[in-house]
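One file, final.txt, is given below (compact mmCIF, C-alpha atoms).
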```txt
# COMPACT_ATOMS: atom_id res chain seq x y z
CA MET A 962 -30.24 7.76 0.36
CA PRO A 963 -29.65 11.34 1.48
CA VAL A 964 -25.97 11.36 0.60
CA SER A 965 -25.48 14.45 -1.56
CA LEU A 966 -24.96 13.44 -5.17
CA ALA A 967 -24.35 17.03 -6.26
CA ASN A 968 -21.65 17.63 -3.67
CA SER A 969 -20.08 14.24 -4.31
CA GLN A 970 -19.81 15.30 -7.96
CA VAL A 971 -18.15 18.56 -6.96
CA ILE A 972 -15.63 16.70 -4.79
CA TYR A 973 -14.97 14.19 -7.55
CA GLU A 974 -14.34 16.91 -10.11
CA ALA A 975 -11.98 18.62 -7.68
CA LEU A 976 -10.01 15.37 -7.34
CA ARG A 977 -9.86 14.95 -11.11
CA ALA A 978 -8.67 18.55 -11.44
CA CYS A 979 -5.76 17.50 -9.21
CA ASP A 980 -4.79 14.83 -11.76
CA VAL A 981 -5.51 12.03 -9.31
CA LYS A 982 -5.13 8.76 -11.23
CA ILE A 983 -5.44 6.16 -8.47
CA MET A 984 -8.09 6.21 -5.76
CA SER A 985 -8.37 3.70 -2.98
CA ALA A 986 -11.55 3.22 -1.03
CA LEU A 987 -13.42 1.07 1.38
CA PRO A 988 -17.18 1.29 0.95
CA GLU A 989 -18.88 3.64 3.38
CA THR A 990 -22.29 5.28 3.14
CA TRP A 991 -21.15 8.87 2.69
CA LEU A 992 -18.67 7.82 0.01
CA VAL A 993 -21.01 5.73 -2.18
CA HIS A 994 -21.37 8.29 -4.98
CA LEU A 995 -17.67 9.11 -5.00
CA ILE A 996 -16.77 5.42 -5.21
CA ARG A 997 -19.24 4.87 -8.08
CA MET A 998 -17.82 7.88 -9.93
CA ALA A 999 -14.30 6.54 -9.57
CA ASP A 1000 -15.44 3.10 -10.67
CA ASP A 1001 -17.14 4.50 -13.78
CA ASP A 1002 -14.19 6.72 -14.75
CA PRO A 1003 -11.92 5.05 -17.32
CA GLU A 1004 -9.16 7.54 -16.48
CA VAL A 1005 -9.00 6.49 -12.85
CA THR A 1006 -8.01 3.20 -11.25
CA LEU A 1007 -10.15 2.51 -8.21
CA ILE A 1008 -8.68 0.04 -5.74
CA ARG A 1009 -11.14 -1.26 -3.20
CA VAL A 1010 -9.17 -2.37 -0.18
CA ALA A 1011 -10.07 -4.90 2.48
CA LYS A 1012 -8.74 -2.58 5.19
CA GLU A 1013 -7.54 1.01 5.07
CA GLU A 1014 -4.00 0.09 6.12
CA GLU A 1015 -3.51 -1.29 2.62
CA ALA A 1016 -4.48 2.05 1.13
CA ILE A 1017 -1.52 3.76 2.80
CA GLY A 1018 0.81 1.23 1.13
CA ILE A 1019 -0.93 1.63 -2.24
CA SER A 1020 -0.66 5.42 -2.15
CA ALA A 1021 2.97 5.21 -1.03
CA GLY A 1022 3.72 2.93 -3.98
CA ALA A 1023 1.87 5.21 -6.38
CA HIS A 1024 3.78 8.26 -5.12
CA LEU A 1025 7.17 6.58 -5.51
CA ALA A 1026 6.07 5.59 -9.01
CA GLY A 1027 5.23 9.21 -9.79
CA VAL A 1028 1.44 8.95 -9.92
CA SER A 1029 -0.97 11.09 -7.88
CA SER A 1030 -3.44 9.22 -5.74
CA ALA A 1031 -6.13 9.95 -3.19
CA LEU A 1032 -7.61 7.97 -0.35
CA LEU A 1033 -11.35 7.85 0.26
CA MET A 1034 -11.92 6.71 3.79
CA GLN A 1035 -14.24 7.01 6.74
CA ASN A 1036 -12.73 8.46 9.90
CA HIS A 1037 -12.82 4.97 11.42
CA GLY A 1038 -10.74 3.87 8.44
CA PHE A 1039 -8.29 6.64 9.30
CA LEU A 1040 -8.18 5.24 12.83
CA ALA A 1041 -7.55 1.75 11.40
CA ALA A 1042 -4.63 3.12 9.38
CA ILE A 1043 -2.80 5.01 12.13
CA ASN A 1044 0.20 2.69 12.30
CA PRO A 1045 1.00 2.81 8.57
CA ILE A 1046 0.36 6.55 8.54
CA VAL A 1047 3.04 6.82 11.25
CA SER A 1048 5.48 4.11 10.22
CA LEU A 1049 5.19 4.42 6.47
CA ALA A 1050 3.84 7.84 5.44
CA LEU A 1051 5.35 10.00 8.19
CA LEU A 1052 8.50 7.91 8.61
CA TYR A 1053 9.28 7.84 4.89
CA LYS A 1054 7.97 11.33 4.11
CA ILE A 1055 5.22 10.17 1.79
CA PRO A 1056 2.51 12.66 0.77
CA LEU A 1057 -1.06 11.41 1.18
CA LEU A 1058 -4.24 13.14 0.12
CA MET A 1059 -6.79 11.70 2.54
CA LEU A 1060 -10.46 12.53 2.05
CA ILE A 1061 -12.08 11.48 5.29
CA SER A 1062 -15.82 11.30 5.83
CA TYR A 1063 -16.28 12.88 9.22
CA ARG A 1064 -18.77 10.61 10.94
CA GLY A 1065 -19.73 10.76 14.58
CA HIS A 1066 -19.50 14.52 14.95
CA MET A 1067 -22.13 17.30 15.13
CA GLY A 1068 -25.53 15.99 14.09
CA GLU A 1069 -24.63 12.33 14.36
CA ARG A 1070 -27.53 10.06 15.32
CA ASP A 1071 -25.72 6.71 15.23
CA PRO A 1072 -24.31 6.13 18.72
CA TRP A 1073 -21.66 3.73 17.37
CA GLN A 1074 -20.07 6.47 15.26
CA THR A 1075 -19.65 8.97 18.04
CA GLN A 1076 -16.51 7.78 19.80
CA GLY A 1077 -14.52 7.80 16.58
CA GLY A 1078 -15.95 11.19 15.73
CA MET A 1079 -14.75 12.67 18.95
CA VAL A 1080 -11.16 11.48 18.64
CA THR A 1081 -10.61 12.18 14.93
CA GLU A 1082 -9.44 15.78 15.12
CA PRO A 1083 -7.36 15.35 18.30
CA LEU A 1084 -5.55 12.44 16.61
CA LEU A 1085 -4.95 14.36 13.39
CA LYS A 1086 -3.51 17.16 15.49
CA THR A 1087 -1.34 14.78 17.53
CA LEU A 1088 0.07 13.29 14.33
CA GLY A 1089 0.77 16.78 13.00
CA ILE A 1090 -1.40 16.21 9.94
CA PRO A 1091 -2.62 19.49 8.38
CA THR A 1092 -6.41 19.38 8.16
CA TRP A 1093 -9.06 21.19 6.17
CA HIS A 1094 -12.74 21.00 6.93
CA LEU A 1095 -14.87 20.89 3.83
CA SER A 1096 -18.45 22.00 4.49
CA ASN A 1097 -19.19 24.27 1.56
CA PRO A 1098 -19.12 22.83 -1.97
CA GLN A 1099 -17.82 26.15 -3.27
CA ASP A 1100 -14.60 25.54 -1.34
CA ALA A 1101 -14.04 22.03 -2.72
CA GLN A 1102 -11.91 22.82 -5.75
CA ARG A 1103 -9.63 25.21 -3.89
CA ARG A 1104 -9.27 23.26 -0.65
CA ILE A 1105 -8.65 19.88 -2.25
CA LYS A 1106 -6.08 21.37 -4.62
CA ASP A 1107 -4.41 23.25 -1.78
CA ALA A 1108 -4.34 20.10 0.35
CA GLN A 1109 -2.65 18.18 -2.45
CA THR A 1110 -0.17 21.01 -3.03
CA LEU A 1111 0.79 21.08 0.65
CA ALA A 1112 1.06 17.26 0.79
CA HIS A 1113 3.52 17.27 -2.10
CA ALA A 1114 5.50 20.26 -0.87
CA SER A 1115 5.76 19.02 2.70
CA LEU A 1116 5.98 15.30 1.79
CA SER A 1117 3.39 14.67 4.45
CA PRO A 1118 -0.13 13.30 4.78
CA VAL A 1119 -2.86 15.93 4.58
CA ALA A 1120 -6.50 15.41 5.59
CA VAL A 1121 -9.68 16.89 4.16
CA LEU A 1122 -12.59 16.22 6.49
CA LEU A 1123 -15.85 15.84 4.57
CA THR A 1124 -18.45 17.12 7.01
CA ARG A 1125 -22.12 16.24 7.44
CA GLU A 1126 -23.15 19.64 6.07
CA LEU A 1127 -21.45 18.77 2.80
CA MET A 1128 -22.29 15.08 2.50
CA TRP A 1129 -25.73 14.57 4.04
CA GLU A 1130 -28.99 16.11 2.85
CA GLU A 1131 -32.00 15.99 5.12
CA MET B 827 16.73 -23.97 1.82
CA LEU B 828 18.49 -20.91 3.17
CA ARG B 829 16.90 -17.62 2.20
CA ILE B 830 20.30 -16.18 1.26
CA ASP B 831 20.78 -19.03 -1.24
CA ALA B 832 17.28 -18.44 -2.58
CA LEU B 833 18.00 -14.73 -2.98
CA GLN B 834 21.34 -15.45 -4.68
CA ALA B 835 19.54 -17.73 -7.11
CA ILE B 836 16.89 -15.16 -8.10
CA TYR B 837 19.15 -12.09 -8.00
CA PRO B 838 19.93 -12.18 -11.74
CA GLU B 839 16.20 -12.43 -12.51
CA VAL B 840 15.12 -9.57 -10.25
CA LYS B 841 18.02 -7.13 -10.32
CA ASP B 842 16.79 -5.02 -13.23
CA HIS B 843 13.19 -4.86 -12.02
CA ILE B 844 11.45 -2.86 -9.32
CA VAL B 845 11.83 -4.72 -6.03
CA VAL B 846 10.08 -4.01 -2.72
CA THR B 847 11.05 -6.07 0.32
CA ILE B 848 9.94 -6.34 3.89
CA MET B 849 12.19 -5.40 6.81
CA GLY B 850 14.63 -7.63 8.63
CA ALA B 851 16.60 -10.54 7.25
CA VAL B 852 15.18 -10.32 3.71
CA ALA B 853 16.20 -6.67 3.39
CA VAL B 854 19.68 -7.16 4.85
CA GLU B 855 20.42 -10.22 2.75
CA LEU B 856 19.29 -8.68 -0.53
CA TYR B 857 21.16 -5.47 0.31
CA THR B 858 24.31 -7.50 1.05
CA ILE B 859 24.10 -9.47 -2.19
CA GLY B 860 24.05 -6.17 -4.03
CA HIS B 861 22.01 -3.07 -3.39
CA ARG B 862 20.55 -1.32 -6.39
CA HIS B 863 18.61 1.93 -6.59
CA ASN B 864 15.57 0.07 -7.89
CA PHE B 865 15.34 -1.87 -4.60
CA PHE B 866 13.19 -0.51 -1.76
CA TYR B 867 13.37 -2.01 1.73
CA LEU B 868 10.26 -1.25 3.78
CA GLU B 869 11.88 -1.00 7.19
CA HIS B 870 8.61 -0.77 9.13
CA ALA B 871 4.85 -0.90 8.52
CA MET B 872 4.86 -4.70 8.54
CA GLY B 873 2.53 -6.23 6.02
CA LEU B 874 2.45 -3.34 3.59
CA ALA B 875 5.26 -4.27 1.17
CA SER B 876 2.70 -6.10 -0.97
CA SER B 877 0.30 -3.12 -0.87
CA MET B 878 3.15 -0.85 -1.96
CA GLY B 879 3.98 -3.29 -4.73
CA LEU B 880 0.35 -3.22 -5.84
CA GLY B 881 0.37 0.59 -5.92
CA ILE B 882 3.57 0.63 -7.99
CA ALA B 883 2.35 -2.13 -10.32
CA VAL B 884 -0.89 -0.25 -11.04
CA ALA B 885 0.97 3.04 -11.49
CA MET B 886 3.65 1.54 -13.79
CA PRO B 887 1.91 -1.17 -15.81
CA ARG B 888 4.77 -1.47 -18.30
CA HIS B 889 7.30 -2.43 -15.65
CA LYS B 890 7.68 -5.60 -13.61
CA VAL B 891 7.38 -5.29 -9.87
CA ILE B 892 8.66 -7.94 -7.46
CA VAL B 893 7.59 -7.96 -3.83
CA ILE B 894 9.62 -10.06 -1.42
CA ASP B 895 7.35 -10.76 1.52
CA GLY B 896 7.54 -13.01 4.57
CA ASP B 897 5.13 -15.17 6.52
CA GLY B 898 4.97 -12.86 9.54
CA SER B 899 4.38 -9.80 7.39
CA LEU B 900 1.81 -11.46 5.15
CA LEU B 901 -0.09 -12.79 8.15
CA MET B 902 -0.40 -9.19 9.36
CA ASN B 903 -2.15 -8.20 6.14
CA LEU B 904 -3.86 -11.28 4.71
CA GLY B 905 -6.44 -9.00 3.10
CA THR B 906 -3.73 -7.91 0.68
CA LEU B 907 -4.02 -11.26 -1.13
CA SER B 908 -7.71 -10.63 -1.82
CA THR B 909 -7.01 -7.07 -2.97
CA MET B 910 -4.10 -8.08 -5.21
CA ALA B 911 -6.16 -10.93 -6.66
CA ARG B 912 -9.09 -8.59 -7.32
CA TYR B 913 -7.01 -6.31 -9.55
CA SER B 914 -4.45 -8.94 -10.60
CA PRO B 915 -1.83 -6.70 -12.17
CA GLY B 916 0.03 -8.99 -14.56
CA ASN B 917 3.29 -7.19 -13.87
CA LEU B 918 3.39 -8.09 -10.17
CA VAL B 919 5.28 -11.05 -8.73
CA HIS B 920 4.79 -11.74 -5.04
CA ILE B 921 7.43 -13.94 -3.42
CA VAL B 922 6.80 -15.07 0.15
CA PHE B 923 9.67 -16.50 2.17
CA ASP B 924 8.05 -18.62 4.85
CA ASN B 925 10.44 -19.43 7.67
CA GLN B 926 7.53 -20.14 10.03
CA SER B 927 8.87 -17.63 12.51
CA LEU B 928 9.25 -14.00 13.44
CA LEU B 929 13.00 -14.35 13.14
CA SER B 930 14.20 -10.82 13.75
CA VAL B 931 12.14 -10.38 16.93
CA GLY B 932 13.03 -13.49 18.88
CA GLY B 933 12.15 -16.32 16.53
CA PHE B 934 8.66 -17.00 17.85
CA PRO B 935 6.72 -19.35 15.59
CA THR B 936 4.07 -17.89 13.30
CA ALA B 937 0.80 -19.60 12.40
CA THR B 938 2.43 -21.22 9.36
CA ALA B 939 4.37 -23.33 11.90
CA THR B 940 1.06 -24.77 13.07
CA GLY B 941 -0.48 -25.39 9.68
CA THR B 942 -1.59 -22.14 8.04
CA ASP B 943 -0.92 -22.63 4.36
CA LEU B 944 -0.15 -19.29 2.70
CA ALA B 945 -0.15 -20.76 -0.82
CA GLY B 946 -3.58 -22.19 -0.02
CA VAL B 947 -4.76 -18.79 1.23
CA ALA B 948 -3.47 -17.15 -1.96
CA ARG B 949 -5.31 -19.74 -4.10
CA ALA B 950 -8.49 -19.28 -2.09
CA CYS B 951 -8.20 -15.51 -2.59
CA ALA B 952 -8.14 -16.16 -6.37
CA VAL B 953 -4.55 -15.13 -7.06
CA PRO B 954 -4.35 -16.34 -10.69
CA GLU B 955 -1.01 -18.17 -10.38
CA VAL B 956 0.26 -19.68 -7.15
CA ALA B 957 3.44 -21.72 -6.95
CA GLU B 958 5.47 -23.36 -4.24
CA ALA B 959 9.22 -23.57 -4.67
CA ASP B 960 11.42 -25.10 -2.04
CA THR B 961 14.80 -25.22 -3.74
CA PRO B 962 16.80 -22.29 -5.16
CA GLU B 963 16.58 -23.80 -8.66
CA ARG B 964 12.79 -24.20 -8.51
CA LEU B 965 12.40 -20.70 -7.13
CA LYS B 966 14.55 -19.25 -9.89
CA GLN B 967 12.44 -21.12 -12.43
CA ALA B 968 9.19 -19.98 -10.83
CA VAL B 969 10.31 -16.34 -10.73
CA ALA B 970 11.51 -16.43 -14.34
CA GLY B 971 8.21 -18.04 -15.34
CA ALA B 972 6.17 -15.46 -13.46
CA LEU B 973 8.14 -12.58 -15.00
CA ALA B 974 7.61 -14.01 -18.46
CA GLY B 975 4.03 -15.09 -17.86
CA GLY B 976 2.27 -11.80 -17.35
CA LYS B 977 -0.07 -13.01 -14.62
CA LEU B 978 -0.10 -12.00 -10.98
CA THR B 979 1.82 -14.76 -9.25
CA THR B 980 2.38 -15.59 -5.61
CA ILE B 981 5.31 -17.92 -4.95
CA VAL B 982 5.67 -19.38 -1.48
CA SER B 983 9.11 -20.67 -0.54
CA LYS B 984 9.77 -22.44 2.72
CA VAL B 985 13.14 -21.37 4.11
CA GLU B 986 15.08 -22.08 7.28
CA ALA B 987 14.71 -19.67 10.17
CA ILE B 988 18.31 -18.50 9.92
CA GLY B 989 19.19 -14.89 9.31
CA PRO B 990 22.25 -12.71 8.89
CA LYS B 991 24.70 -12.15 11.75
CA SER B 992 24.07 -8.44 11.65
CA PHE B 993 20.98 -6.49 10.65
CA HIS B 994 22.98 -3.35 9.93
CA MET B 995 22.52 -1.71 6.55
CA ASP B 996 24.57 1.33 5.61
CA LEU B 997 21.57 2.95 3.97
CA PRO B 998 19.42 5.46 5.86
CA LEU B 999 15.79 4.78 5.03
CA LEU B 1000 15.14 8.21 3.56
CA GLU B 1001 18.16 7.84 1.28
CA ASN B 1002 16.69 4.56 0.08
CA ARG B 1003 13.30 6.24 -0.43
CA PHE B 1004 14.58 9.12 -2.54
CA GLN B 1005 17.02 6.89 -4.46
CA PHE B 1006 14.19 4.51 -5.26
CA LYS B 1007 11.82 7.24 -6.43
CA ARG B 1008 14.51 8.60 -8.77
CA ALA B 1009 15.21 5.10 -10.09
CA LEU B 1010 11.51 4.69 -10.89
CA GLU B 1011 11.43 8.09 -12.57
CA ALA B 1012 14.36 7.02 -14.75
CA LEU B 1013 12.56 3.80 -15.67
CA ARG B 1014 9.47 5.77 -16.68
CA GLN B 1015 11.55 8.04 -18.88
CA HIS B 1016 12.79 5.02 -20.82
CA GLU B 1017 9.23 3.90 -21.57
```

Please lay out the structure from this file as structure tokens.
Amino acid sequence: MPVSLANSQVIYEALRACDVKIMSALPETWLVHLIRMADDDPEVTLIRVAKEEEAIGISAGAHLAGVSSALLMQNHGFLAAINPIVSLALLYKIPLLMLISYRGHMGERDPWQTQGGMVTEPLLKTLGIPTWHLSNPQDAQRRIKDAQTLAHASLSPVAVLLTRELMWEE
Amino acid sequence: MLRIDALQAIYPEVKDHIVVTIMGAVAVELYTIGHRHNFFYLEHAMGLASSMGLGIAVAMPRHKVIVIDGDGSLLMNLGTLSTMARYSPGNLVHIVFDNQSLLSVGGFPTATATGTDLAGVARACAVPEVAEADTPERLKQAVAGALAGGKLTTIVSKVEAIGPKSFHMDLPLLENRFQFKRALEALRQHE
């Protein structure tokens, strides 16, 4: 599978450097290595959700309990979670660190991914969610940490879009 | 059984623990019986009170967390039962008041009115302890048992579709949110 193991490792280490203790995820191809790393890490609780909406609730609970969390989701999972992002995270001023695999954008071959790819950034913008693109592994540590810092300071969701250049090797 | 009577009966059991409720009648009634800073009322995002409870329970394993859910909310997020069961935090108690209706938005019947059995769904999802309690005394017993038992428990209680006269709560939702976070911080400091 041409999902980059090396870059997944870099992303995972960046998350661990942010003291993330709870990660939620729903299996998705680009996230397989990250999910395995979380699963194998005794210091991290991985919660595999049935639908991404749940993950917003889980991260909200973790935040109120004083524990840092991160969400691993595909952009279609972000789309599935729009209502709780609005009526839980934004309404209640809950910080979220969302790592979103950016499917359906430049280089996408799967026609079914493309519609979601085209609306992801416009929706993030509409919701006022600050967004980093992550394409270069050298930026991972800094951008993920900065995203978490802004999420906590602004009490708002923040998105890090994991691009094809970073996640897919071919 | 009236939900207010059920809440009165379990109030002494739950008042010192972390409580997350859904919006509407449950929130107003618990608030009226006696608001505490360790109570959080999720005033929107229907279905996610249990997911929040799961997040808190995993983050604070030494503290008991009680979620007070409803049939309409749980039906919006049935997947939560499978996720809770998968991780089964022993410090989480999930109470579901089933009034078979969406009371605060016109009283339309939910699917439990036509036979959906939420306790059965919880069992089928592999929630380790599932109880049904249809009187205040039995509910109190079930909650006390679940708090003492250390196993994830879902308790389904059928209640009448009667709510409070007013849904007003003198507690802005952000005040509740920050109060609650501080209360949880204080609990952690006493660990």

With distances taken over all atoms listed in the file, the candidate from B:Leu928, B:Val982, B:Ala883, B:Ala950 nearest Arg964 (chain B) is B:Val982

Of A:Lys1012, A:His994, A:His1037, A:His1113, the one sitting nearest chain B when using all atoms listed in the file is A:Lys1012

Residues within 10 Å of (8.6, 8.7, 7.0), file coords, all atoms listed in the file, listed as a PyMOL selection string
(chain A and resi 1045-1056+1116-1117) or (chain B and resi 870+999-1000+1003)

Go ahead and write the residues just picked, C-alpha atoms, as a CSV table (one decimal), in the frame of the given file.
```csv
chain,number,residue,atom,x,y,z
A,1045,PRO,CA,1.0,2.8,8.6
A,1046,ILE,CA,0.4,6.6,8.5
A,1047,VAL,CA,3.0,6.8,11.2
A,1048,SER,CA,5.5,4.1,10.2
A,1049,LEU,CA,5.2,4.4,6.5
A,1050,ALA,CA,3.8,7.8,5.4
A,1051,LEU,CA,5.4,10.0,8.2
A,1052,LEU,CA,8.5,7.9,8.6
A,1053,TYR,CA,9.3,7.8,4.9
A,1054,LYS,CA,8.0,11.3,4.1
A,1055,ILE,CA,5.2,10.2,1.8
A,1056,PRO,CA,2.5,12.7,0.8
A,1116,LEU,CA,6.0,15.3,1.8
A,1117,SER,CA,3.4,14.7,4.4
B,870,HIS,CA,8.6,-0.8,9.1
B,999,LEU,CA,15.8,4.8,5.0
B,1000,LEU,CA,15.1,8.2,3.6
B,1003,ARG,CA,13.3,6.2,-0.4
```

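In this comparison, which uses all atoms listed in the file, the residue of B:Gly881, B:Gly873, B:Gly932, B:Gly976 approaching Val919 (chain B) most closely is B:Gly976.
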
CA of Ile836 (chain B) to CA of Ala968 (chain B) measures 9.5 Å

Check every residue of chain A for an atom within 6 Å of chain B, counting all atoms listed in the file, and provide those that qualify as a CSV table (one decimal) with C-alpha atoms, in the frame of the given file.
```
chain,number,residue,atom,x,y,z
A,1010,VAL,CA,-9.2,-2.4,-0.2
A,1011,ALA,CA,-10.1,-4.9,2.5
A,1015,GLU,CA,-3.5,-1.3,2.6
A,1018,GLY,CA,0.8,1.2,1.1
A,1019,ILE,CA,-0.9,1.6,-2.2
A,1022,GLY,CA,3.7,2.9,-4.0
A,1023,ALA,CA,1.9,5.2,-6.4
A,1025,LEU,CA,7.2,6.6,-5.5
A,1026,ALA,CA,6.1,5.6,-9.0
A,1045,PRO,CA,1.0,2.8,8.6
A,1048,SER,CA,5.5,4.1,10.2
A,1049,LEU,CA,5.2,4.4,6.5
```

(request) Rank B:Ala939, B:Ala911, B:Ile859, B:Ile921 by their smallest atom-to-atom distance to Glu958 (chain B), using all atoms listed in the file, and report the top residue only. (result)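 Among the listed residues, B:Ile921 lies closest to Glu958 (chain B).
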
Inset, instruction - Counting only C-alpha atoms, figure out which residue out of B:Val969, B:Leu918, B:Ala987, B:Ala974 gets nearest to Pro954 (chain B). - result: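 Answer, going by the shortest atom-to-atom distance: B:Leu918.
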
List as an NGL selection string the protein and nucleic acid residues near Asp996 (chain B), meaning an atom at most 10 Å away when all atoms listed in the file are counted, but skip any in the same chain fewer than 2 places from it. :B and (854 or 857-858 or 993-994 or 998-999)

CA of Ser914 (chain B) to CA of Val1005 (chain A), distance in Å rounded to a single decimal:
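Rounded to one decimal, the two atoms are 16.2 Å apart.
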
For this session: Would you list the contacts of Pro990 (chain B) as JSON, numbers by chain, taking every protein, DNA or RNA residue within 10 Å and counting all atoms listed in the file, but skipping same-chain residues closer than 5 positions in sequence?
Result: {"B": [829, 830, 850, 851, 852, 854, 855, 858, 930]}

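Taking CA of Pro1072 (chain A) and CA of Leu1085 (chain A) as endpoints, the distance between them is 21.7 Å.
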
Margin query: Which residues are near Ala986 (chain A)? Cut-off 8 Å, all atoms listed in the file, ignore same chain within fewer than 2 positions. Put them as a ChimeraX atom specification.
Written below: /A:984,988,996,1007-1010,1013,1016,1032-1034

Please produce an output containing C-alpha atoms for each residue in the selection, written as an mmCIF file, in the frame of the given file.
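part_7.cif, freshly written:
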```
data_model
loop_
_atom_site.group_PDB
_atom_site.id
_atom_site.type_symbol
_atom_site.label_atom_id
_atom_site.label_comp_id
_atom_site.auth_asym_id
_atom_site.auth_seq_id
_atom_site.Cartn_x
_atom_site.Cartn_y
_atom_site.Cartn_z
ATOM 1 C CA MET A 984 -8.090 6.210 -5.760
ATOM 2 C CA PRO A 988 -17.180 1.290 0.950
ATOM 3 C CA ILE A 996 -16.770 5.420 -5.210
ATOM 4 C CA LEU A 1007 -10.150 2.510 -8.210
ATOM 5 C CA ILE A 1008 -8.680 0.040 -5.740
ATOM 6 C CA ARG A 1009 -11.140 -1.260 -3.200
ATOM 7 C CA VAL A 1010 -9.170 -2.370 -0.180
ATOM 8 C CA GLU A 1013 -7.540 1.010 5.070
ATOM 9 C CA ALA A 1016 -4.480 2.050 1.130
ATOM 10 C CA LEU A 1032 -7.610 7.970 -0.350
ATOM 11 C CA LEU A 1033 -11.350 7.850 0.260
ATOM 12 C CA MET A 1034 -11.920 6.710 3.790
#
```
